[in-house]
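J.: The following file, final_15.cif, comprises mmCIF, C-alpha atoms:
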```
data_query
loop_
_atom_site.label_atom_id
_atom_site.label_comp_id
_atom_site.auth_asym_id
_atom_site.auth_seq_id
_atom_site.Cartn_x
_atom_site.Cartn_y
_atom_site.Cartn_z
CA MET A 111 -247.10 -120.38 60.45
CA ASN A 112 -248.47 -116.86 60.06
CA GLY A 113 -251.78 -118.00 61.46
CA GLY A 114 -249.98 -119.33 64.54
CA VAL A 115 -248.16 -116.04 65.05
CA GLU A 116 -251.40 -114.11 64.65
CA ALA A 117 -253.13 -116.36 67.15
CA LEU A 118 -250.26 -115.85 69.59
CA ALA A 119 -250.38 -112.08 69.09
CA ALA A 120 -254.15 -112.06 69.60
CA THR A 121 -253.79 -114.07 72.82
CA PHE A 122 -251.10 -111.68 74.06
CA MET A 123 -253.25 -108.65 73.26
CA ALA A 124 -256.30 -110.14 74.96
CA THR A 125 -254.26 -111.06 78.05
CA SER A 126 -252.73 -107.57 78.19
CA VAL A 127 -256.13 -105.92 78.02
CA LEU A 128 -257.47 -108.20 80.76
CA VAL A 129 -254.45 -107.50 82.98
CA LEU A 130 -254.76 -103.75 82.46
CA ALA A 131 -258.48 -103.88 83.09
CA GLY A 132 -257.79 -105.75 86.31
CA THR A 133 -255.26 -103.21 87.53
CA GLY A 134 -257.12 -100.04 86.59
CA CYS A 135 -259.70 -97.98 88.47
CA GLN A 136 -262.38 -100.41 89.56
CA SER A 137 -265.96 -99.57 88.70
CA THR A 138 -267.62 -101.79 91.31
CA ALA A 139 -270.57 -99.73 92.48
CA GLY A 140 -271.71 -100.05 96.07
CA LEU A 141 -270.62 -102.52 98.70
CA THR A 142 -270.89 -106.28 98.89
CA PRO A 143 -273.07 -107.68 101.71
CA ALA A 144 -269.91 -108.65 103.63
CA GLU A 145 -268.50 -105.13 103.25
CA ARG A 146 -271.79 -103.61 104.37
CA GLU A 147 -271.59 -105.72 107.53
CA GLN A 148 -268.04 -104.51 108.13
CA VAL A 149 -269.20 -100.89 107.84
CA GLN A 150 -272.13 -101.52 110.20
CA ALA A 151 -269.75 -103.15 112.72
CA GLY A 152 -267.40 -100.16 112.55
CA ASP A 153 -264.55 -102.22 111.11
CA ARG A 154 -264.56 -100.30 107.83
CA VAL A 155 -265.40 -96.74 106.85
CA VAL A 156 -266.37 -95.49 103.39
CA VAL A 157 -263.99 -92.66 102.54
CA LEU A 158 -265.87 -90.57 100.00
CA LEU A 159 -263.32 -88.52 98.11
CA ARG A 160 -263.83 -86.16 95.22
CA ILE A 161 -261.31 -85.25 92.56
CA GLN A 162 -261.98 -82.24 90.36
CA CYS A 163 -259.77 -80.90 87.66
CA THR A 164 -259.38 -77.98 85.31
CA ILE A 165 -257.14 -77.96 82.24
CA ASP A 166 -256.04 -74.55 81.03
CA GLY A 167 -258.72 -73.07 83.29
CA GLN A 168 -261.55 -75.16 81.80
CA PRO A 169 -263.41 -77.92 83.70
CA TRP A 170 -262.18 -81.41 82.77
CA GLU A 171 -263.65 -84.78 83.69
CA SER A 172 -261.40 -86.49 86.22
CA PHE A 173 -262.81 -89.95 85.61
CA ALA A 174 -264.21 -89.88 82.11
CA GLU A 175 -265.22 -93.19 80.61
CA HIS A 176 -262.54 -94.38 78.24
CA GLY A 177 -262.22 -97.19 75.77
CA LEU A 178 -259.07 -98.28 77.58
CA VAL A 179 -258.67 -98.27 81.33
CA GLU A 180 -255.05 -97.08 81.14
CA GLU A 181 -256.23 -93.74 79.78
CA GLY A 182 -257.26 -92.60 83.27
CA ILE A 183 -255.63 -89.24 84.02
CA PHE A 184 -255.42 -89.79 87.80
CA ALA A 185 -253.73 -92.60 89.70
CA PHE A 186 -253.72 -93.19 93.44
CA GLY A 187 -251.38 -94.47 96.10
CA LEU A 188 -252.26 -95.37 99.67
CA GLY A 189 -249.85 -95.65 102.59
CA SER A 190 -250.97 -97.51 105.70
CA PHE A 191 -249.43 -99.01 108.85
CA GLU A 192 -248.36 -102.03 106.78
CA THR A 193 -246.35 -99.84 104.42
CA VAL A 194 -245.28 -97.43 107.22
CA GLY A 195 -247.10 -94.64 105.41
CA VAL A 196 -245.37 -95.13 102.05
CA PRO A 197 -247.96 -95.08 99.26
CA VAL A 198 -248.44 -98.19 97.15
CA PRO A 199 -250.87 -98.34 94.20
CA ALA A 200 -254.50 -98.12 95.27
CA TYR A 201 -257.65 -98.25 93.20
CA PRO A 202 -260.60 -96.22 94.47
CA ARG A 203 -263.99 -97.41 93.34
CA SER A 204 -266.59 -95.36 91.56
CA LEU A 205 -270.31 -95.56 92.33
CA THR A 206 -271.99 -94.78 89.03
CA ALA A 207 -270.81 -93.33 85.75
CA ASP A 208 -272.55 -90.04 86.62
CA SER A 209 -271.01 -89.72 90.08
CA ALA A 210 -267.59 -90.63 88.64
CA ARG A 211 -267.98 -87.90 86.04
CA ASP A 212 -268.70 -85.58 88.94
CA GLY A 213 -265.42 -86.70 90.52
CA TRP A 214 -266.71 -88.95 93.31
CA VAL A 215 -264.77 -92.08 94.21
CA TYR A 216 -264.47 -94.01 97.44
CA LEU A 217 -262.10 -96.19 99.42
CA LEU A 218 -263.14 -98.72 102.03
CA LEU A 219 -260.71 -98.46 104.95
CA ALA A 220 -260.40 -99.46 108.58
CA PRO A 221 -260.28 -96.53 111.01
CA GLY A 222 -256.73 -95.19 111.33
CA THR A 223 -254.13 -92.95 109.74
CA TYR A 224 -253.24 -93.22 106.07
CA TYR A 225 -251.35 -91.34 103.39
CA ILE A 226 -252.89 -90.78 100.00
CA ALA A 227 -250.86 -89.81 96.93
CA VAL A 228 -252.50 -88.58 93.75
CA LEU A 229 -250.69 -88.61 90.43
CA GLY A 230 -252.20 -86.43 87.72
CA PRO A 231 -253.59 -84.97 85.65
CA ILE A 232 -251.36 -86.89 83.23
CA ASN A 233 -252.64 -88.78 80.18
CA ASP A 234 -251.11 -92.09 81.23
CA ALA A 235 -251.30 -91.81 85.04
CA ASN A 236 -253.09 -95.14 85.48
CA TYR A 237 -250.89 -96.87 82.95
CA ARG A 238 -247.69 -95.63 84.60
CA VAL A 239 -248.68 -96.98 87.99
CA ALA A 240 -250.01 -100.25 86.58
CA ALA A 241 -246.70 -100.64 84.73
CA GLY A 242 -244.80 -100.34 88.01
CA ASP A 243 -243.60 -96.73 87.79
CA LEU A 244 -243.78 -96.15 91.55
CA ALA A 245 -241.37 -93.20 91.43
CA SER A 246 -244.07 -91.12 89.73
CA LEU A 247 -246.45 -91.99 92.53
CA LEU A 248 -243.93 -91.28 95.29
CA ASN A 249 -243.13 -87.88 93.79
CA SER A 250 -246.81 -86.94 93.60
CA PRO A 251 -248.58 -84.68 96.09
CA ARG A 252 -249.37 -86.58 99.28
CA TRP A 253 -251.86 -86.02 102.09
CA ARG A 254 -252.41 -87.49 105.52
CA LEU A 255 -255.84 -89.05 105.80
CA GLU A 256 -257.48 -89.62 109.18
CA VAL A 257 -260.28 -92.17 109.13
CA PRO A 258 -262.25 -91.74 112.35
CA GLU A 259 -264.04 -94.44 114.31
CA GLY A 260 -267.78 -94.45 114.86
CA VAL A 261 -268.84 -93.24 111.41
CA ALA A 262 -269.96 -95.15 108.34
CA VAL A 263 -268.91 -92.56 105.75
CA VAL A 264 -266.36 -89.75 105.92
CA HIS A 265 -265.50 -87.00 103.45
CA PRO A 266 -261.80 -86.04 103.45
CA GLY A 267 -262.39 -83.24 100.96
CA THR A 268 -262.52 -82.46 97.29
CA LEU A 269 -259.09 -82.15 95.73
CA LEU A 270 -258.99 -79.44 93.09
CA PHE A 271 -256.22 -80.05 90.56
CA GLU A 272 -255.08 -77.62 87.90
CA GLY A 273 -253.51 -78.96 84.74
CA ARG A 274 -252.34 -77.60 81.41
CA THR A 275 -251.85 -78.83 77.89
CA THR A 276 -248.27 -79.12 76.79
CA GLY A 277 -248.87 -80.25 73.19
CA THR A 278 -250.92 -82.69 71.19
CA LEU A 279 -250.62 -86.38 70.55
CA MET A 280 -250.70 -88.01 67.11
CA PHE A 281 -254.49 -87.79 66.61
CA GLY A 282 -254.88 -84.35 68.14
CA LYS A 283 -255.52 -85.48 71.69
CA PRO A 284 -254.01 -83.00 74.17
CA ILE A 285 -250.98 -83.89 76.27
CA LEU A 286 -251.90 -83.14 79.87
CA ALA A 287 -249.57 -82.20 82.70
CA PRO A 288 -250.12 -80.82 86.21
CA ASN A 289 -249.71 -77.07 86.47
CA PRO A 290 -246.48 -76.72 88.48
CA ASP A 291 -247.46 -73.27 89.77
CA ALA A 292 -250.84 -74.31 91.12
CA ALA A 293 -251.33 -75.60 94.65
CA VAL A 294 -253.87 -78.39 95.04
CA VAL A 295 -256.80 -77.09 97.08
CA VAL A 296 -258.79 -79.23 99.54
CA ARG A 297 -262.45 -78.12 99.59
CA ASP A 298 -265.22 -79.11 101.98
CA ASP A 299 -268.03 -80.72 99.97
CA ALA A 300 -269.54 -82.59 102.93
CA ASP A 301 -273.09 -81.49 102.04
CA GLU A 302 -272.82 -82.96 98.56
CA ALA A 303 -271.05 -86.00 100.01
CA GLY A 304 -274.11 -86.44 102.25
CA VAL A 305 -276.37 -86.49 99.18
CA VAL A 306 -274.15 -89.07 97.45
CA ALA A 307 -273.96 -91.18 100.63
CA ALA A 308 -277.74 -91.06 101.13
CA ARG A 309 -278.19 -92.40 97.61
CA HIS A 310 -275.56 -95.11 97.71
CA PHE A 311 -274.95 -95.94 101.38
CA PRO A 312 -278.32 -95.66 103.14
CA PRO A 313 -279.23 -95.00 105.91
CA VAL A 314 -276.31 -92.53 106.00
CA ASP A 315 -277.55 -89.01 105.36
CA SER A 316 -274.83 -86.77 106.78
CA VAL A 317 -271.12 -87.14 106.33
CA PRO A 318 -268.46 -85.54 108.54
CA PHE A 319 -265.65 -83.57 106.88
CA VAL A 320 -262.22 -84.67 108.11
CA PRO A 321 -259.89 -82.70 105.84
CA LEU A 322 -256.81 -84.18 104.23
CA GLN A 323 -253.58 -82.70 105.63
CA ARG A 324 -250.80 -82.00 103.13
CA TRP A 325 -247.63 -84.03 103.74
CA ARG A 326 -244.28 -82.96 102.35
CA PRO A 327 -241.00 -84.91 102.01
CA GLY A 328 -238.89 -84.64 105.17
CA GLU A 329 -241.91 -84.62 107.46
CA PRO A 330 -242.40 -87.68 109.67
CA ARG A 331 -244.94 -90.25 108.55
CA VAL A 332 -247.37 -90.65 111.41
CA ILE A 333 -248.94 -94.09 111.74
CA THR A 334 -251.39 -95.67 114.16
CA THR A 335 -251.89 -99.27 115.23
CA PRO A 336 -254.17 -101.05 112.76
CA HIS A 337 -257.77 -101.37 113.87
CA ASP A 338 -257.72 -105.20 113.86
CA VAL A 339 -254.58 -105.34 116.04
CA THR A 340 -256.19 -102.93 118.54
CA ARG A 341 -259.37 -105.02 118.56
CA ARG A 342 -257.42 -108.24 119.14
CA ARG A 343 -255.72 -106.63 122.16
CA GLN A 344 -259.09 -105.62 123.61
CA MET B 57 -233.58 -126.00 59.24
CA LEU B 58 -231.40 -128.04 61.60
CA VAL B 59 -229.04 -125.08 62.13
CA ARG B 60 -232.01 -122.86 62.97
CA PHE B 61 -233.28 -125.45 65.44
CA HIS B 62 -229.88 -125.53 67.15
CA CYS B 63 -229.88 -121.74 67.43
CA VAL B 64 -233.32 -121.79 69.01
CA ILE B 65 -232.11 -124.28 71.63
CA ALA B 66 -228.63 -122.83 72.09
CA ALA B 67 -229.60 -119.19 72.59
CA PRO B 68 -231.68 -119.66 75.78
CA LEU B 69 -229.14 -122.17 77.09
CA ALA B 70 -226.31 -119.70 76.49
CA THR B 71 -228.31 -117.06 78.35
CA VAL B 72 -228.71 -119.41 81.28
CA PHE B 73 -225.09 -120.41 81.39
CA LEU B 74 -223.57 -117.01 80.66
CA CYS B 75 -225.16 -115.11 83.49
CA GLY B 76 -224.08 -114.76 87.06
CA CYS B 77 -223.60 -112.45 89.98
CA VAL B 78 -221.08 -112.11 92.79
CA PRO B 79 -221.79 -110.21 96.02
CA ILE B 80 -218.71 -108.39 97.30
CA PRO B 81 -218.76 -106.99 100.84
CA LEU B 82 -217.13 -103.58 101.25
CA SER B 83 -215.64 -102.27 104.44
CA GLU B 84 -216.02 -98.61 103.52
CA PRO B 85 -219.38 -97.38 104.84
CA LYS B 86 -221.57 -95.31 102.57
CA VAL B 87 -225.04 -93.92 103.19
CA LEU B 88 -227.29 -94.80 100.25
CA ALA B 89 -230.50 -93.17 101.45
CA GLY B 90 -231.67 -91.19 104.46
CA LYS B 91 -229.54 -89.58 107.14
CA GLU B 92 -227.34 -91.77 109.32
CA VAL B 93 -227.59 -91.47 113.10
CA SER B 94 -224.25 -92.45 114.62
CA LEU B 95 -223.72 -93.97 118.04
CA GLU B 96 -221.88 -90.80 119.11
CA GLN B 97 -224.98 -88.76 118.33
CA LEU B 98 -226.96 -90.89 120.78
CA GLU B 99 -224.78 -90.26 123.82
CA PHE B 100 -227.18 -87.61 125.13
CA LEU B 101 -230.03 -90.10 125.44
CA THR B 102 -231.01 -90.84 129.05
CA PRO B 103 -234.02 -93.08 129.70
CA GLY B 104 -236.64 -91.40 131.87
CA VAL B 105 -235.10 -87.97 131.25
CA THR B 106 -234.72 -87.21 127.54
CA THR B 107 -237.92 -85.93 125.95
CA LYS B 108 -239.23 -86.32 122.42
CA ALA B 109 -238.70 -82.59 121.84
CA GLU B 110 -235.03 -82.89 122.85
CA VAL B 111 -234.53 -85.84 120.52
CA ILE B 112 -236.03 -83.91 117.60
CA ALA B 113 -233.95 -80.82 118.47
CA ARG B 114 -230.75 -82.91 118.34
CA LEU B 115 -231.49 -85.43 115.58
CA GLY B 116 -234.07 -83.66 113.43
CA GLN B 117 -237.49 -84.88 112.38
CA PRO B 118 -237.93 -88.66 112.67
CA SER B 119 -238.87 -90.81 109.70
CA VAL B 120 -241.86 -92.42 111.37
CA VAL B 121 -243.93 -91.64 114.46
CA TRP B 122 -246.09 -94.56 115.62
CA GLU B 123 -248.29 -92.29 117.62
CA ASP B 124 -250.43 -94.51 119.85
CA ALA B 125 -247.46 -96.79 120.64
CA ARG B 126 -245.21 -93.78 121.38
CA VAL B 127 -242.52 -95.20 119.13
CA MET B 128 -240.36 -93.05 116.90
CA THR B 129 -237.89 -94.19 114.26
CA TYR B 130 -235.06 -92.81 112.19
CA ASP B 131 -234.17 -94.90 109.15
CA TRP B 132 -231.41 -94.90 106.61
CA GLU B 133 -229.74 -97.30 104.21
CA MET B 134 -226.05 -98.20 104.36
CA ARG B 135 -224.10 -99.96 101.65
CA TRP B 136 -223.10 -103.45 102.77
CA GLY B 137 -221.37 -104.26 99.52
CA VAL B 138 -221.91 -104.47 95.81
CA LEU B 139 -223.37 -107.06 93.50
CA VAL B 140 -221.35 -107.55 90.32
CA TRP B 141 -223.58 -109.13 87.71
CA ALA B 142 -223.38 -110.16 84.10
CA VAL B 143 -225.86 -111.57 81.62
CA GLY B 144 -224.76 -112.87 78.27
CA GLY B 145 -226.60 -114.28 75.33
CA TYR B 146 -226.14 -115.00 71.66
CA GLY B 147 -223.94 -112.11 70.46
CA VAL B 148 -225.00 -109.75 73.23
CA GLY B 149 -224.12 -109.19 76.86
CA TYR B 150 -224.76 -106.85 79.75
CA ALA B 151 -222.93 -106.31 83.03
CA GLY B 152 -223.19 -103.95 85.93
CA ILE B 153 -222.59 -103.20 89.58
CA THR B 154 -225.45 -102.69 92.04
CA ASP B 155 -225.23 -101.55 95.64
CA ILE B 156 -226.48 -104.01 98.29
CA PRO B 157 -228.15 -101.99 101.03
CA THR B 158 -228.75 -102.74 104.69
CA HIS B 159 -231.80 -101.15 106.29
CA GLN B 160 -230.72 -99.36 109.45
CA LEU B 161 -233.19 -98.29 112.09
CA LEU B 162 -232.95 -96.27 115.27
CA LEU B 163 -235.98 -97.24 117.32
CA MET B 164 -237.12 -95.22 120.34
CA GLU B 165 -239.96 -95.90 122.73
CA PHE B 166 -241.35 -93.17 124.99
CA ASP B 167 -243.55 -93.23 128.07
CA ASP B 168 -246.93 -91.51 128.48
CA ALA B 169 -245.22 -88.15 129.06
CA TRP B 170 -243.10 -88.65 125.92
CA ARG B 171 -239.90 -89.26 127.92
CA LEU B 172 -237.52 -91.84 126.51
CA ARG B 173 -238.12 -95.35 127.79
CA ARG B 174 -235.64 -97.24 125.58
CA SER B 175 -233.81 -96.95 122.31
CA GLU B 176 -231.97 -99.34 120.06
CA ARG B 177 -230.21 -99.31 116.74
CA VAL B 178 -231.04 -102.35 114.65
CA VAL B 179 -230.63 -103.68 111.14
CA ARG B 180 -233.87 -104.74 109.55
CA GLU B 181 -233.82 -107.92 107.52
CA GLU B 182 -234.77 -107.52 103.89
CA ARG B 183 -237.54 -110.11 104.29
CA THR B 184 -239.03 -108.46 107.39
CA PRO B 185 -241.43 -105.66 106.51
CA TYR B 186 -240.79 -102.36 108.31
CA SER B 187 -244.19 -102.51 110.05
CA GLU B 188 -243.57 -106.08 111.23
CA CYS B 189 -240.20 -104.98 112.58
CA LEU B 190 -241.95 -102.23 114.58
CA LEU B 191 -244.56 -104.62 115.98
CA GLN B 192 -241.86 -107.10 116.98
CA TRP B 193 -239.70 -104.48 118.66
CA LYS B 194 -242.67 -103.03 120.52
CA ALA B 195 -243.47 -106.54 121.76
CA GLY B 196 -239.90 -106.96 122.98
CA ILE B 197 -238.76 -109.26 120.17
CA HIS B 198 -235.38 -108.28 118.74
CA PRO B 199 -235.93 -107.78 115.01
CA THR B 200 -232.34 -107.78 113.82
CA SER B 201 -230.64 -109.41 110.91
CA ALA B 202 -228.06 -112.11 111.24
CA SER B 203 -227.14 -112.14 107.58
CA VAL B 204 -225.68 -108.70 106.97
CA GLY B 205 -224.36 -106.15 109.39
CA VAL B 206 -224.39 -106.27 113.15
CA SER B 207 -227.08 -104.71 115.24
CA ALA B 208 -225.93 -102.39 117.95
CA SER B 209 -227.88 -102.04 121.13
CA ASP B 210 -227.41 -98.61 122.59
CA GLY B 211 -228.04 -99.87 126.07
CA ALA B 212 -230.73 -97.36 126.86
CA ARG B 213 -233.16 -99.91 128.19
#
```
Mind turning the file's structure into structure tokens?

T.:
Amino acid sequence: MNGGVEALAATFMATSVLVLAGTGCQSTAGLTPAEREQVQAGDRVVVLLRIQCTIDGQPWESFAEHGLVEEGIFAFGLGSFETVGVPVPAYPRSLTADSARDGWVYLLLAPGTYYIAVLGPINDANYRVAAGDLASLLNSPRWRLEVPEGVAVVHPGTLLFEGRTTGTLMFGKPILAPNPDAAVVVRDDADEAGVVAARHFPPVDSVPFVPLQRWRPGEPRVITTPHDVTRRRQ
Amino acid sequence: MLVRFHCVIAAPLATVFLCGCVPIPLSEPKVLAGKEVSLEQLEFLTPGVTTKAEVIARLGQPSVVWEDARVMTYDWEMRWGVLVWAVGGYGVGYAGITDIPTHQLLLMEFDDAWRLRRSERVVREERTPYSECLLQWKAGIHPTSASVGVSASDGAR
């Protein structure tokens, strides 16, 4: 009987880990051949975003490698025409472990207008969103993202987050929270984005900077007709 | 052992049979989310004359601006009624009342000079995504609900 219960518990644990791994930040490096074709055809653009973070004034890895995916301290939401600009969970991809440690992630999007929400730095940011806590995401800072046509890669900026420790967890791990007094800065790192793009998305060697625009509650959500609908009309 | 077996069978069955919900329509209107735009507030709208700036000056910032289609929306949620629900099981039970919302939309289309072309107040069906509702309305298909509420055309076509 006990053996049966243990087997059931083990199955549940394994399933949970697989589900969480499937819903966390994806680590697929590079593009598939089909995606590369979409980029070459102008149907998709690589949005090369960088997230940097300090905790109590000290540099902190935004996308450190963890034993468990749900330990990620940043979670993302993306609003598109389909969601009328309201962010729903999104999972940017990383390129390599090194570039992720440096804060680089990317999204593959059709040209158009989007809204990106970033929750963090919070210990369980990824877990919260994966568990369906959309309120946290909707109350997070949000930016309007313009993905232009005619480019393969675009850099919408480096988001500089400031966090602080508010205590320690059971085994001494710090409890992280965003610094409420600090504004999130958008920095132009297009030159570095060009270096990353040249390495991972050749033959791209320069990347335009199209800065994220801060969006605040009460402002209209601006949307544009999806690229595929526009193409169908043409 | 037999008693335990019965409990194992009876508990889920009791849960199934001791739960239920009743939707109750309410006549008293209540705004659940957003800011309502009443028909009286729309009396100033004149197709071909009213500009986007005038609309914003009177009604405030819109919820959504579909830029390339020159469509602007205001949205809010009204209470249609309440759902009284109860779930009961073996020695335990829960009950509650939940608002049933209707998704109200004021849709406005402008011409190239951002002068009002047409406007309409509609109720979006729960199963129709907001974006789909916009695409339908832009294409001239009336995206209203027949199940709850009544859509009101403001006649500004």

J.: Can you tell me which residues surround Val78 of chain B at a distance of at most 7 Å, considering only C-alpha atoms, apart from same-chain residues fewer than 3 positions away, and format the answer as a list in words?

T.: Leu139, Val140 and Trp141 of chain B

J.: With C-alpha atoms kept, could you save the residues just selected as a PDB file, in the coordinates of the input?

T.:
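So the final result, stored in selection-v1.pdb, reads:
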```pdb
ATOM      1  CA  LEU B 139    -223.370-107.060  93.500  1.00  0.00           C
ATOM      2  CA  VAL B 140    -221.350-107.550  90.320  1.00  0.00           C
ATOM      3  CA  TRP B 141    -223.580-109.130  87.710  1.00  0.00           C
TER       4      TRP B 141
END
```

J.: When you look at segment 319-327 of chain A with a cut-off of 12 Å (counting all atoms listed in the file), what residues show up, excluding the ones that are within fewer than 3 positions of it in the same chain? I need them as a PyMOL selection string.

T.: (chain A and resi 157-160+189+195-197+223-228+248-259+261+263-269+293-304+316+330-332) or (chain B and resi 90+117-119)

J.: Determine the residue membership of the PyMOL selection byres ((chain B and resi 101-109) around 7) for the file above and supply it as a list of chain:residue names.

T.: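 When the PyMOL selection byres ((chain B and resi 101-109) around 7) is applied to the shown file, the picked residues are B:Leu98, B:Glu99, B:Phe100, B:Glu110, B:Val111, B:Ile112, B:Ala113, B:Trp170, B:Arg171, B:Leu172, B:Arg173, B:Arg174, B:Ala212.
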
J.: Could you please tell me, as a list in words, which residues of chain B have an atom within 10 Å of chain A when using only C-alpha atoms?

T.: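 So the residues of chain B near chain A are Gly90, Gly116, Gln117, Pro118, Ser119, Val120, Val121, Trp122, Glu123, Asp124, Ala125, Arg126, Val127, Met128, Thr129, Tyr130, Pro185, Tyr186, Ser187, Glu188, Leu190 and Leu191 of chain B.
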
J.: Please produce a file of the residues just selected, as a PDB file, in the coordinates of the input, where the atoms kept are C-alpha atoms.

T.:
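In the end it all went to selection_1.pdb:
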```
ATOM      1  CA  GLY B  90    -231.670 -91.190 104.460  1.00  0.00           C
ATOM      2  CA  GLY B 116    -234.070 -83.660 113.430  1.00  0.00           C
ATOM      3  CA  GLN B 117    -237.490 -84.880 112.380  1.00  0.00           C
ATOM      4  CA  PRO B 118    -237.930 -88.660 112.670  1.00  0.00           C
ATOM      5  CA  SER B 119    -238.870 -90.810 109.700  1.00  0.00           C
ATOM      6  CA  VAL B 120    -241.860 -92.420 111.370  1.00  0.00           C
ATOM      7  CA  VAL B 121    -243.930 -91.640 114.460  1.00  0.00           C
ATOM      8  CA  TRP B 122    -246.090 -94.560 115.620  1.00  0.00           C
ATOM      9  CA  GLU B 123    -248.290 -92.290 117.620  1.00  0.00           C
ATOM     10  CA  ASP B 124    -250.430 -94.510 119.850  1.00  0.00           C
ATOM     11  CA  ALA B 125    -247.460 -96.790 120.640  1.00  0.00           C
ATOM     12  CA  ARG B 126    -245.210 -93.780 121.380  1.00  0.00           C
ATOM     13  CA  VAL B 127    -242.520 -95.200 119.130  1.00  0.00           C
ATOM     14  CA  MET B 128    -240.360 -93.050 116.900  1.00  0.00           C
ATOM     15  CA  THR B 129    -237.890 -94.190 114.260  1.00  0.00           C
ATOM     16  CA  TYR B 130    -235.060 -92.810 112.190  1.00  0.00           C
ATOM     17  CA  PRO B 185    -241.430-105.660 106.510  1.00  0.00           C
ATOM     18  CA  TYR B 186    -240.790-102.360 108.310  1.00  0.00           C
ATOM     19  CA  SER B 187    -244.190-102.510 110.050  1.00  0.00           C
ATOM     20  CA  GLU B 188    -243.570-106.080 111.230  1.00  0.00           C
ATOM     21  CA  LEU B 190    -241.950-102.230 114.580  1.00  0.00           C
ATOM     22  CA  LEU B 191    -244.560-104.620 115.980  1.00  0.00           C
TER      23      LEU B 191
END
```

J.: Could you check which residues have any atom within 9 Å of (-224.0, -107.9, 83.7), counting only C-alpha atoms with coordinates taken straight from the file, and then list them as a list in words?

T.: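 Checking each residue against the 9 Å limit leaves Cys75, Gly76, Cys77, Val140, Trp141, Ala142, Val143, Gly144, Gly149, Tyr150, Ala151, Gly152 and Ile153 of chain B.
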
J.: At a cut-off of 7 Å, using all atoms listed in the file, what residues contact Trp132 of chain B? Leave out same-chain residues fewer than 4 positions from it and give the result as a PyMOL selection string.

T.: chain B and resi 89-92+159-161

J.: Might you spell out which residues the PyMOL selection byres ((chain A and resi 205) around 12) would select in the displayed file, as a ChimeraX atom specification?

T.: /A:135-141,156,158-160,173,202-204,206-217,306-307,309-311

J.: Measuring atom to atom with all atoms listed in the file, identify which of A:Ser246, A:Asn233, A:Thr164, A:Ser172 is nearest to Ala287 of chain A.

T.: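 Among the listed residues, the smallest separation from Ala287 of chain A belongs to A:Asn233.
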
J.: From the list A:Ala144, A:Ile165, A:Val155, A:Ala245, which residue is nearest Gly273 of chain A when using all atoms listed in the file?

T.: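 Ranking A:Ala144, A:Ile165, A:Val155, A:Ala245 by distance to Gly273 of chain A, first place goes to A:Ile165.
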
J.: Take atom CA of Ile183 of chain A and atom CA of Pro231 of chain A and report the distance between them in Å, one decimal.

T.: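 Rounded to one decimal, the two atoms are 5.0 Å apart.
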
J.: Just so the selection is clear, what residues does the PyMOL selection byres ((chain A and resi 168) around 12) cover here, as a CSV table (one decimal) with C-alpha atoms, keeping the file's coordinate frame?

T.:
```
chain,number,residue,atom,x,y,z
A,162,GLN,CA,-262.0,-82.2,90.4
A,163,CYS,CA,-259.8,-80.9,87.7
A,164,THR,CA,-259.4,-78.0,85.3
A,165,ILE,CA,-257.1,-78.0,82.2
A,166,ASP,CA,-256.0,-74.6,81.0
A,167,GLY,CA,-258.7,-73.1,83.3
A,169,PRO,CA,-263.4,-77.9,83.7
A,170,TRP,CA,-262.2,-81.4,82.8
A,171,GLU,CA,-263.6,-84.8,83.7
A,271,PHE,CA,-256.2,-80.0,90.6
A,272,GLU,CA,-255.1,-77.6,87.9
A,273,GLY,CA,-253.5,-79.0,84.7
A,274,ARG,CA,-252.3,-77.6,81.4
A,275,THR,CA,-251.8,-78.8,77.9
```

J.: Find the distance between atom CA of Gly222 of chain A and atom CA of Pro336 of chain A and write it in Å to one decimal.

T.: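 One can read the atom CA of Gly222 of chain A to atom CA of Pro336 of chain A distance as 6.6 Å.
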
J.: I'd like the interatomic distance between atom CA of Asp167 of chain B and atom CA of Cys189 of chain B, to a tenth of an Å.

T.: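 We find that atom CA of Asp167 of chain B and atom CA of Cys189 of chain B lie 19.7 Å from each other.
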
J.: Write out as a compact mmCIF listing (two decimals) with C-alpha atoms, in the frame of the given file the residues lying within 8 Å of Leu162 of chain B, counting all atoms listed in the file and excluding same-chain residues fewer than 5 positions away.

T.:
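As a result, part-v3.txt now contains:
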```txt
# COMPACT_ATOMS: atom_id res chain seq x y z
CA VAL B 93 -227.59 -91.47 113.10
CA THR B 129 -237.89 -94.19 114.26
CA TYR B 130 -235.06 -92.81 112.19
CA ASP B 131 -234.17 -94.90 109.15
CA SER B 175 -233.81 -96.95 122.31
CA GLU B 176 -231.97 -99.34 120.06
CA ARG B 177 -230.21 -99.31 116.74
CA VAL B 178 -231.04 -102.35 114.65
```

J.: For a quick check of understanding, using all atoms listed in the file, which of B:Gly137, B:Gly145, B:Glu182, B:Ala195 has the smallest distance to Glu165 of chain B?

T.: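 Checking each of B:Gly137, B:Gly145, B:Glu182, B:Ala195 against Glu165 of chain B, counting all atoms listed in the file, the winner is B:Ala195.
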
J.: Residues around (-222.0, -103.8, 102.7), cut-off 7 Å, counting all atoms listed in the file - what are they as a PyMOL selection string?

T.: chain B and resi 81-83+135-138+156-157

J.: Pick out the closest residue to Thr142 of chain A from this set: A:Phe184, A:Tyr201, A:Asn236, A:Leu218. Count only C-alpha atoms.

T.: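 Comparing A:Phe184, A:Tyr201, A:Asn236, A:Leu218 against Thr142 of chain A, the winner is A:Leu218.
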